[in-house]
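Data first, discussion second: the structure below is written as structure tokens.
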Amino acid sequence: MEITFAGKRAIVTGAGKGIGRATALALARSGAEVTAVTRTQADLDSLLKECPSIRPLCVDLSDWEATEAAFKDLGPMDLLVNNAACAPLQPFLEITPDQFDICFNVNVKGALHVAQIVARGMKARGCGGSIVNISSQASQCALENHAVYCATKAALDMLTKVMALELGHYQIRVNAVNPTVVMTKMGILNWKVEDVVNSILFLLSDKSAMTNGVTLPVDGGFLAC
Ligand code: NDP
């Protein structure tokens, strides 16, 4: 199955490193016009060296007003990958209000805000679109010292379903990809960023035209046990 994104405009958040960076590069190589969003300019500079066609956008997505201003001239988008997140680790009894707010601001509120901006444009143009939220196995599986992170990803799963319900009226599909967490020796050996990127590309593409509102584990069957 070949997936091409020729003629599509895509935006990827958290594209400076890791899964977001690999997704931005894969989309660009598959023909999409890609806007890469992150908050560290040096990461955008190195990404552009690797792929000069990518359009950079530097903003801290935890800042609602700054995001609004940065996205003002974004232009039309067909595809969104809501990937930016942070994962501060604390024992449950030591979580502070600040740590809670920062994590929810990026992982949930930031994703909601970017999706609002992009989906409003999709609705206005009437051409539909596809949004993929990058969640985690941690939305469904308790992890030591990850209480806030797990809660943000559970919230993102539910946000995905309600977005799918409401935005479906405008032919905008919304799905989530839930990768496993690399914590074990086996996980490090067997888990590849490409496995996650391939699932993201499938859900963004028309090959998944009948798939809406799912949270897709990419975990080698971990959650099935
Ligand atoms: P990385 O930490 O490697 O990359 C995250 C990217 O998001 C970085 O470029 C980071 O920029 C950016 N980012 C973070 N906060 C903000 C912000 N406030 N504004 C703008 N950009 C921001 O993450 P991964 O690639 O590991 O993870 C990507 C996604 O996959 C996340 O949603 C994560 O929760 C999920 N995931 C990851 C797993 C893993 O094992 N890696 C497992 C399951 C889910 P900067 O570096 O400048 O902060």
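Residue numbering restarts at 1 for every chain of the structure tokens, chains are lettered A, B, ... in their displayed order, and ligands are numbered from 1 as they appear.
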
Env of Ala36 (chain A): 9 Å cut, atoms = only C-alpha atoms, seq-sep filter 4 positions within chain, self excluded. Answer as a PyMOL selection string. chain A and resi 10-16+20-21+24+44+47+54-58

Considering only C-alpha atoms, tabulate each residue of region 21-69 of chain A that lies at most 8 Å from region 101-124 of chain A along with its nearest interatomic pair and the corresponding distance in Å to one decimal; arrange the rows by chain and ascending residue number and present them as a Markdown table.
```
| residue | atom | partner | partner_atom | distance |
| --- | --- | --- | --- | --- |
| A:Leu61 | CA | A:Gly110 | CA | 5.4 |
| A:Ser62 | CA | A:Val106 | CA | 4.8 |
| A:Asp63 | CA | A:Gly110 | CA | 7.9 |
| A:Trp64 | CA | A:Gly110 | CA | 7.3 |
| A:Thr67 | CA | A:Val114 | CA | 7.8 |
```

Could you save the residues just selected, with C-alpha atoms, as a short mmCIF file (atom, residue, chain, number, x, y, z; two decimals), in the first residue's frame?
```cif
data_model
loop_
_atom_site.label_atom_id
_atom_site.label_comp_id
_atom_site.auth_asym_id
_atom_site.auth_seq_id
_atom_site.Cartn_x
_atom_site.Cartn_y
_atom_site.Cartn_z
CA LEU A 61 2.23 25.87 22.69
CA SER A 62 1.56 26.18 26.42
CA ASP A 63 1.03 29.91 25.80
CA TRP A 64 -2.51 30.36 24.41
CA THR A 67 -0.05 30.32 19.80
#
```

Apply DSSP to the backbone of this structure and, from region 20-200 of chain A, keep only the residues in strand (DSSP E); write these as a ChimeraX atom specification. /A:33-38,55-58,79-82,129-134,172-179

Filtering to C-alpha atoms, could you give me those residues as a compact mmCIF listing (two decimals), in the first residue's frame?
```
# COMPACT_ATOMS: atom_id res chain seq x y z
CA GLU A 33 3.82 20.73 2.31
CA VAL A 34 4.81 20.58 5.97
CA THR A 35 4.75 23.21 8.70
CA ALA A 36 6.85 22.11 11.67
CA VAL A 37 6.05 23.63 15.06
CA THR A 38 8.23 23.54 18.13
CA ARG A 55 8.17 25.64 6.90
CA PRO A 56 9.25 26.38 10.50
CA LEU A 57 7.07 27.87 13.23
CA CYS A 58 8.63 28.55 16.62
CA LEU A 79 -3.68 17.43 8.03
CA LEU A 80 -2.68 17.98 11.66
CA VAL A 81 -0.48 15.88 13.93
CA ASN A 82 -0.87 17.02 17.53
CA GLY A 129 -9.30 16.95 6.82
CA SER A 130 -7.60 14.49 9.14
CA ILE A 131 -6.22 15.06 12.63
CA VAL A 132 -4.06 12.62 14.59
CA ASN A 133 -3.46 13.22 18.28
CA ILE A 134 -0.40 11.48 19.70
CA ILE A 172 -12.84 16.06 9.52
CA ARG A 173 -11.65 12.74 10.97
CA VAL A 174 -9.90 12.66 14.35
CA ASN A 175 -7.97 9.66 15.66
CA ALA A 176 -5.24 9.00 18.21
CA VAL A 177 -2.10 6.90 18.09
CA ASN A 178 -1.06 5.44 21.45
CA PRO A 179 2.58 4.31 21.39
```

Would you work out the distance separating CA of Lys161 (chain A) from CA of Gly213 (chain A), expressed in Å to one decimal? 4.6 Å
